[in-house]
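Enquirer: Below is one structure. I have some questions about it.
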Amino acid sequence: MVAQTATLGIAAIATAGVIVRPWRVPEAVWATAGAVLLVALGLVPMPSAIQGVAKGMDVYLFLTGMMMLAELARREGFFDWLAMIAVRQAHGSGHRLFLLIYAVGTLVTILLSNDATAVVLTPAVCAAARAAKAEPLPYLFICAFIANAASFVLPISNPANLVVFGPQMPSLAAWLLRFLLPSIASILITFLMLRVALRASIPGMIRTDLPQVSLSRGGRLAALGISVTALGLLAASALDRPLGLPTFLAGLATAALILIGNRESPWPLMKGVSWGVLPLVAGLFVLVEALERTGAVRALADLVATHAAHSPLGAAVGVGATIAIACNLANNLPVGLIAGSATSLVVLPSGVANAALIGVDIGPNLSITGSLATLLWLAALRREGQSVGALQFLELGAIVMPPALLGALALAIWPHV
């Protein structure tokens with residue numbers, strides 16, 4: 001009993017540190033410190049900790065590949081080139097630029113994942129807003145919110161989808177049957193709520209006299225690398241293959257082509273990648289492994305199964321709402337891991353499983369640390385000299401997230417209970 005209490009306490013403190021970042025200590029420090037402390041106190045045996053870290057291998061490869069692609073694209077001017085195209089297509093309208101960025105963000109999230117939207121699109125949007133002489137923040141918020149709102153159109157749209165379903169992943173056709181309409185509802189409602197909430201800060205007119213920007217050879221290679229990655233992820237999803245290795249290999253190959261062509265050292269590229277994300281994710285995997293050892297996950301699974309047997313509709317709504325809130329208290333990666341572990345232990349109606357996934361994917365749009373994608377977005381903002389406070393994000397999230405969650409849950413649950 002003492003060991004269980006200590007484990008839960010350490011996990012809670014480490015997770016709180018990740019969310020609040022007291023004394024501006026990086027998120028990764030809190031997650032890894034919690035994991036190390038659990039092992040040092042013997043609450044998690046070293047083999048179990050290694051097993052927990054190993055579970056995230058596909059995620060590490062995926063994130064590394066995406067971060068390399070993003071840094072290459074930024075360094076080679078691909079984002080600046082995209083920015084000029086977006087601003088020109090807006091024809092001087094700040095509202096049209098808002099719509100264009102939202103549409104692009106939706107496509108990037110669907111085809112490259114929500115983490116790619118946070119890592120790859122955020123610098124491009126910042127460049128577009130600066131080129132248009134517009135305040136970047138309203139447009140940057142799009143990257144954070146659409147990264148979660150569109151993250152369950154396809155299984156590849158969010159690595160958390162793979163974590164939640166695991167070996168029980170539906171086929172691509174079955175996935176679309178279950179989640180396409182809820183995804184459309186989430187995307188449209190999120191856009192409408194963002195548009196209303198940010199209407200006062202979106203400029204009516206933006207700059208149109210922009211200089212011509214040509215894409216360099218390195219920029220073209222970066223664009224090719226991103227395109228090949230998108231195709232590879234679609235193929236891997238259709239074949240039910242892991243996403244991490246093809247993403248990593250695509251990033252590595254793109255980096256090799258560009259660096260060799262430019263005769264550059266790889267060290268500046270390596271310095272530009274946010275490596276702290278990887279120990280953050282590894283630490284979270286160990287924390288979840290510790291929670292599983294306490295029996296809390298099994299107890300949670302049995303509780304959900306009991307409620308689902310008596311009231312599938314009530315259980316589905318309760319699971320979706322509870323997980324959505326939990327993501328904002330503990331981040332959607334550990335919550336998704338726990339939800340995936342719990343749902344794999346018992347047989348649940350498909351409506352309940354659908355609700356769990358939607359809670360993991362949309363719920364994080366309430367707070368600034370609700371999802372890994374939003375944490376990556378924050379890191380990208382800092383690189384661009386921008387900052388967003390927790391209260392500022394919460395005020396916007398409280399307007400945007402609940403209607404989108406309710407709309408998606410309604411369409412995901414009702415046909416399946």
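By convention in this document, the chains of the structure tokens carry letters A, B, ... by their order, each chain's residues are numbered from 1, and ligands are numbered from 1 in the order they are shown.
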Mind checking which residues fall within 8 Å of Leu140 (chain A), counting only C-alpha atoms, ignoring those fewer than 6 positions away in the same chain, and posting them as a PyMOL selection string?

Expert: chain A and resi 122+125-126

Enquirer: Mind checking DSSP for region 121-293 of chain A and telling me the alpha helix (DSSP H) residues as a PyMOL selection string?

Expert: chain A and resi 122-131+137-149+159-165+172-197+217-238+244-262+267-272+277-293

Enquirer: Compile the contact shell of Leu234 (chain A) as a PyMOL selection string: residues with an atom at most 9 Å away, counting only C-alpha atoms, same-chain residues fewer than 5 positions apart removed.

Expert: chain A and resi 111-112+154+156+229+239

Enquirer: Name the closest residue to Ala373 (chain A) among the candidates A:Ala118, A:Ala256, A:Leu181, A:Ala174; distances are taken between atoms, counting only C-alpha atoms.

Expert: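 Of A:Ala118, A:Ala256, A:Leu181, A:Ala174, the one nearest Ala373 (chain A), counting only C-alpha atoms, is A:Ala118.
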
Enquirer: Need to verify the contact set: Val360 (chain A), 9 Å, only C-alpha atoms, exclusion of same-chain residues closer than 3 positions in sequence. Can you return it as a list in words?

Expert: Ala160, Asn161, Val164, Gly320, Ile323, Ala324, Ala326, Cys327, Asn332, Leu333, Val335, Gly336, Ala339, Ala355, Ala356, Leu357, Gly363, Pro364 and Ser371 of chain A

Enquirer: Which of these residues is nearest to Val196 (chain A), using only C-alpha atoms: A:Phe98, A:Ala408, A:Gly225, A:Glu71?

Expert: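 Closest to Val196 (chain A) of all the choices is A:Phe98.
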
Enquirer: Calculated over only C-alpha atoms, which of the candidates A:Ser93, A:Gln168, A:Ser157, A:Asn262 has the smallest distance to Thr208 (chain A)?

Expert: A:Ser93

Enquirer: Restricting the calculation to only C-alpha atoms, which member of A:Val304, A:Val400, A:Val388, A:Val53 is positioned closest to Ile146 (chain A)?

Expert: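 The answer is A:Val400, which sits nearest to Ile146 (chain A).
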
Enquirer: Which one of A:Arg178, A:Arg21, A:Arg195, A:Lys271 sits closest to Phe152 (chain A) if you count only C-alpha atoms?

Expert: A:Arg178

Enquirer: Which region 325-385 of chain A residues have any atom within 12 Å of an atom of region 305-317 of chain A, and for each, what is the nearest pair of atoms with distance in Å to one decimal, counting only C-alpha atoms, rows sorted by chain and number, as a tab-separated table?

Expert:
```
residue	atom	partner	partner_atom	distance
A:Ala342	CA	A:Ala305	CA	9.7
A:Thr343	CA	A:Ala305	CA	8.8
A:Ser344	CA	A:Ala305	CA	11.2
A:Leu345	CA	A:Ala305	CA	9.6
A:Val346	CA	A:Ala305	CA	6.7
A:Val347	CA	A:Ala305	CA	7.2
A:Leu348	CA	A:Ala305	CA	6.3
A:Pro349	CA	A:Pro312	CA	6.9
A:Ser350	CA	A:Ala316	CA	9.0
A:Gly351	CA	A:Ala316	CA	6.0
A:Val352	CA	A:Ala316	CA	4.2
A:Ala353	CA	A:Ala316	CA	7.6
A:Asn354	CA	A:Ala316	CA	8.0
A:Ala355	CA	A:Ala316	CA	5.6
A:Ala356	CA	A:Ala316	CA	7.6
A:Leu357	CA	A:Ala316	CA	10.7
A:Ile358	CA	A:Ala316	CA	10.6
A:Gly359	CA	A:Val317	CA	9.7
```

Enquirer: Identify which of the residues A:Ile226, A:Ala90, A:Ile10, A:Ala31 lies closest to Phe285 (chain A), counting only C-alpha atoms when measuring atom-to-atom distances.

Expert: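 The shortest atom-to-atom distance to Phe285 (chain A) comes from A:Ala31.
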
Enquirer: I'd like the neighbourhood of Ala12 (chain A) as a list in words, where a residue qualifies if any of its atoms comes within 10 Å (using only C-alpha atoms), though same-chain residues fewer than 6 positions away should be ignored.

Expert: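 The filter keeps Ala6, Val18, Gly34, Leu287, Leu329 and Ala330 of chain A.
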
Enquirer: Just the selected residues (N, CA and C atoms), exported as a PDB file, in the first residue's frame, please.

Expert:
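File produced: out29.pdb:
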```pdb
ATOM      1  N   ALA A   6       3.252   5.884  -2.828  1.00  0.00           N
ATOM      2  CA  ALA A   6       4.459   6.609  -3.242  1.00  0.00           C
ATOM      3  C   ALA A   6       4.544   6.707  -4.762  1.00  0.00           C
ATOM      4  N   VAL A  18       5.556  18.716 -15.467  1.00  0.00           N
ATOM      5  CA  VAL A  18       5.501  18.817 -16.923  1.00  0.00           C
ATOM      6  C   VAL A  18       4.500  19.880 -17.353  1.00  0.00           C
ATOM      7  N   GLY A  34      11.100  12.111 -12.470  1.00  0.00           N
ATOM      8  CA  GLY A  34      10.113  11.223 -11.872  1.00  0.00           C
ATOM      9  C   GLY A  34      10.409   9.769 -12.182  1.00  0.00           C
ATOM     10  N   LEU A 287       6.466   6.505 -16.379  1.00  0.00           N
ATOM     11  CA  LEU A 287       5.440   6.851 -15.394  1.00  0.00           C
ATOM     12  C   LEU A 287       4.191   5.996 -15.588  1.00  0.00           C
ATOM     13  N   LEU A 329      -5.142  17.516 -17.356  1.00  0.00           N
ATOM     14  CA  LEU A 329      -4.511  17.409 -16.049  1.00  0.00           C
ATOM     15  C   LEU A 329      -3.194  16.655 -16.105  1.00  0.00           C
ATOM     16  N   ALA A 330      -3.064  15.754 -17.088  1.00  0.00           N
ATOM     17  CA  ALA A 330      -1.888  14.887 -17.109  1.00  0.00           C
ATOM     18  C   ALA A 330      -1.277  14.698 -18.492  1.00  0.00           C
TER      19      ALA A 330
END
```

Enquirer: Could you list, as a VMD selection string, every residue within 12 Å of Ala380 (chain A), counting only C-alpha atoms and ignoring same-chain residues fewer than 2 positions away?

Expert: chain A and resid 67 70 to 71 74 115 to 126 140 143 to 144 272 to 274 277 373 to 378 382 to 388

Enquirer: Keeping only N, CA and C atoms, take the residues you just selected and write them out as a short mmCIF file (atom, residue, chain, number, x, y, z; two decimals), in the first residue's frame.

Expert:
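result_33.cif was written with the following content:
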```cif
data_model
loop_
_atom_site.label_atom_id
_atom_site.label_comp_id
_atom_site.auth_asym_id
_atom_site.auth_seq_id
_atom_site.Cartn_x
_atom_site.Cartn_y
_atom_site.Cartn_z
N MET A 67 11.14 16.16 -36.73
CA MET A 67 11.88 17.34 -36.28
C MET A 67 13.04 17.64 -37.23
N ALA A 70 11.51 19.26 -40.30
CA ALA A 70 11.09 20.64 -40.02
C ALA A 70 12.28 21.59 -39.97
N GLU A 71 13.36 21.16 -39.32
CA GLU A 71 14.54 22.02 -39.21
C GLU A 71 15.20 22.21 -40.57
N ARG A 74 13.06 24.65 -42.54
CA ARG A 74 13.22 26.02 -42.03
C ARG A 74 14.54 26.61 -42.50
N ASP A 115 1.60 16.14 -34.71
CA ASP A 115 2.92 16.59 -34.28
C ASP A 115 3.63 17.32 -35.42
N ALA A 116 3.42 16.86 -36.64
CA ALA A 116 4.02 17.54 -37.79
C ALA A 116 3.44 18.94 -37.95
N THR A 117 2.15 19.09 -37.70
CA THR A 117 1.54 20.42 -37.78
C THR A 117 2.19 21.36 -36.79
N ALA A 118 2.40 20.86 -35.58
CA ALA A 118 3.03 21.69 -34.56
C ALA A 118 4.47 22.03 -34.92
N VAL A 119 5.21 21.04 -35.45
CA VAL A 119 6.64 21.23 -35.70
C VAL A 119 6.90 21.89 -37.05
N VAL A 120 6.19 21.44 -38.09
CA VAL A 120 6.48 21.87 -39.46
C VAL A 120 5.73 23.14 -39.83
N LEU A 121 4.43 23.20 -39.48
CA LEU A 121 3.61 24.31 -39.97
C LEU A 121 3.79 25.59 -39.16
N THR A 122 4.05 25.47 -37.88
CA THR A 122 4.14 26.67 -37.03
C THR A 122 5.17 27.69 -37.53
N PRO A 123 6.40 27.27 -37.89
CA PRO A 123 7.34 28.26 -38.42
C PRO A 123 6.86 28.90 -39.73
N ALA A 124 6.20 28.11 -40.58
CA ALA A 124 5.70 28.65 -41.84
C ALA A 124 4.62 29.70 -41.60
N VAL A 125 3.73 29.43 -40.66
CA VAL A 125 2.66 30.38 -40.34
C VAL A 125 3.24 31.66 -39.75
N CYS A 126 4.24 31.51 -38.91
CA CYS A 126 4.88 32.70 -38.33
C CYS A 126 5.54 33.54 -39.43
N LEU A 140 -1.14 31.64 -35.43
CA LEU A 140 -0.41 30.57 -34.76
C LEU A 140 -1.33 29.69 -33.92
N CYS A 143 -2.52 26.53 -35.63
CA CYS A 143 -1.64 25.35 -35.64
C CYS A 143 -1.89 24.47 -34.42
N ALA A 144 -2.08 25.10 -33.26
CA ALA A 144 -2.29 24.33 -32.04
C ALA A 144 -3.63 23.61 -32.05
N GLY A 272 19.67 22.43 -34.01
CA GLY A 272 18.37 23.06 -34.21
C GLY A 272 17.18 22.18 -33.85
N VAL A 273 17.42 20.88 -33.62
CA VAL A 273 16.34 19.96 -33.30
C VAL A 273 16.06 20.00 -31.80
N SER A 274 14.79 19.99 -31.41
CA SER A 274 14.38 20.04 -30.00
C SER A 274 14.48 18.65 -29.39
N VAL A 277 12.38 16.78 -26.35
CA VAL A 277 11.08 16.11 -26.47
C VAL A 277 11.23 14.61 -26.25
N ALA A 373 1.48 17.39 -29.00
CA ALA A 373 1.52 18.32 -30.13
C ALA A 373 1.56 19.77 -29.66
N THR A 374 0.79 20.08 -28.61
CA THR A 374 0.78 21.46 -28.11
C THR A 374 2.10 21.80 -27.44
N LEU A 375 2.72 20.84 -26.76
CA LEU A 375 4.04 21.08 -26.19
C LEU A 375 5.07 21.34 -27.28
N LEU A 376 4.97 20.58 -28.38
CA LEU A 376 5.86 20.82 -29.51
C LEU A 376 5.60 22.19 -30.13
N TRP A 377 4.32 22.57 -30.18
CA TRP A 377 3.94 23.90 -30.69
C TRP A 377 4.55 25.00 -29.83
N LEU A 378 4.51 24.81 -28.50
CA LEU A 378 5.12 25.79 -27.60
C LEU A 378 6.61 25.92 -27.86
N ARG A 382 8.65 29.32 -29.12
CA ARG A 382 9.81 29.91 -28.46
C ARG A 382 10.95 30.14 -29.45
N ARG A 383 11.11 29.21 -30.38
CA ARG A 383 12.14 29.38 -31.40
C ARG A 383 11.87 30.60 -32.27
N GLU A 384 10.60 30.95 -32.43
CA GLU A 384 10.22 32.09 -33.27
C GLU A 384 10.09 33.39 -32.47
N GLY A 385 10.43 33.34 -31.19
CA GLY A 385 10.34 34.54 -30.35
C GLY A 385 8.94 34.89 -29.91
N GLN A 386 8.01 33.92 -29.96
CA GLN A 386 6.63 34.14 -29.53
C GLN A 386 6.39 33.41 -28.22
N SER A 387 5.37 33.84 -27.49
CA SER A 387 5.02 33.16 -26.24
C SER A 387 3.52 33.25 -26.01
N VAL A 388 2.98 32.21 -25.39
CA VAL A 388 1.56 32.15 -25.05
C VAL A 388 1.46 31.67 -23.60
#
```

Enquirer: What does the distance from CA of Ile13 (chain A) to CA of Gly52 (chain A) come to in Å, to one decimal?

Expert: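 Interatomic distance here is 18.9 Å.
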
Enquirer: Can you pull out the residues contacting Ile206 (chain A)? Cut-off 7 Å, using only C-alpha atoms, and skip same-chain residues under 4 positions away; I want them as a PDB file with N, CA and C atoms, in the first residue's frame.

Expert:
```pdb
ATOM      1  N   GLY A  92      -4.737  40.170 -49.915  1.00  0.00           N
ATOM      2  CA  GLY A  92      -4.872  41.332 -49.044  1.00  0.00           C
ATOM      3  C   GLY A  92      -5.871  41.182 -47.920  1.00  0.00           C
ATOM      4  N   SER A  93      -6.490  40.015 -47.757  1.00  0.00           N
ATOM      5  CA  SER A  93      -7.497  39.807 -46.722  1.00  0.00           C
ATOM      6  C   SER A  93      -6.935  38.977 -45.577  1.00  0.00           C
ATOM      7  N   GLY A  94      -6.954  39.536 -44.380  1.00  0.00           N
ATOM      8  CA  GLY A  94      -6.499  38.796 -43.213  1.00  0.00           C
ATOM      9  C   GLY A  94      -7.404  37.620 -42.893  1.00  0.00           C
ATOM     10  N   ALA A 132       3.175  39.307 -44.079  1.00  0.00           N
ATOM     11  CA  ALA A 132       1.951  40.073 -44.310  1.00  0.00           C
ATOM     12  C   ALA A 132       1.852  41.283 -43.392  1.00  0.00           C
ATOM     13  N   LYS A 133       2.852  41.476 -42.511  1.00  0.00           N
ATOM     14  CA  LYS A 133       2.823  42.571 -41.536  1.00  0.00           C
ATOM     15  C   LYS A 133       1.591  42.462 -40.639  1.00  0.00           C
ATOM     16  N   ALA A 134       1.276  41.216 -40.233  1.00  0.00           N
ATOM     17  CA  ALA A 134       0.120  40.962 -39.381  1.00  0.00           C
ATOM     18  C   ALA A 134       0.586  40.351 -38.061  1.00  0.00           C
TER      19      ALA A 134
END
```

Enquirer: Take CA of Arg130 (chain A) and CA of Ser367 (chain A) and report the distance between them in Å, one decimal.

Expert: 25.9 Å
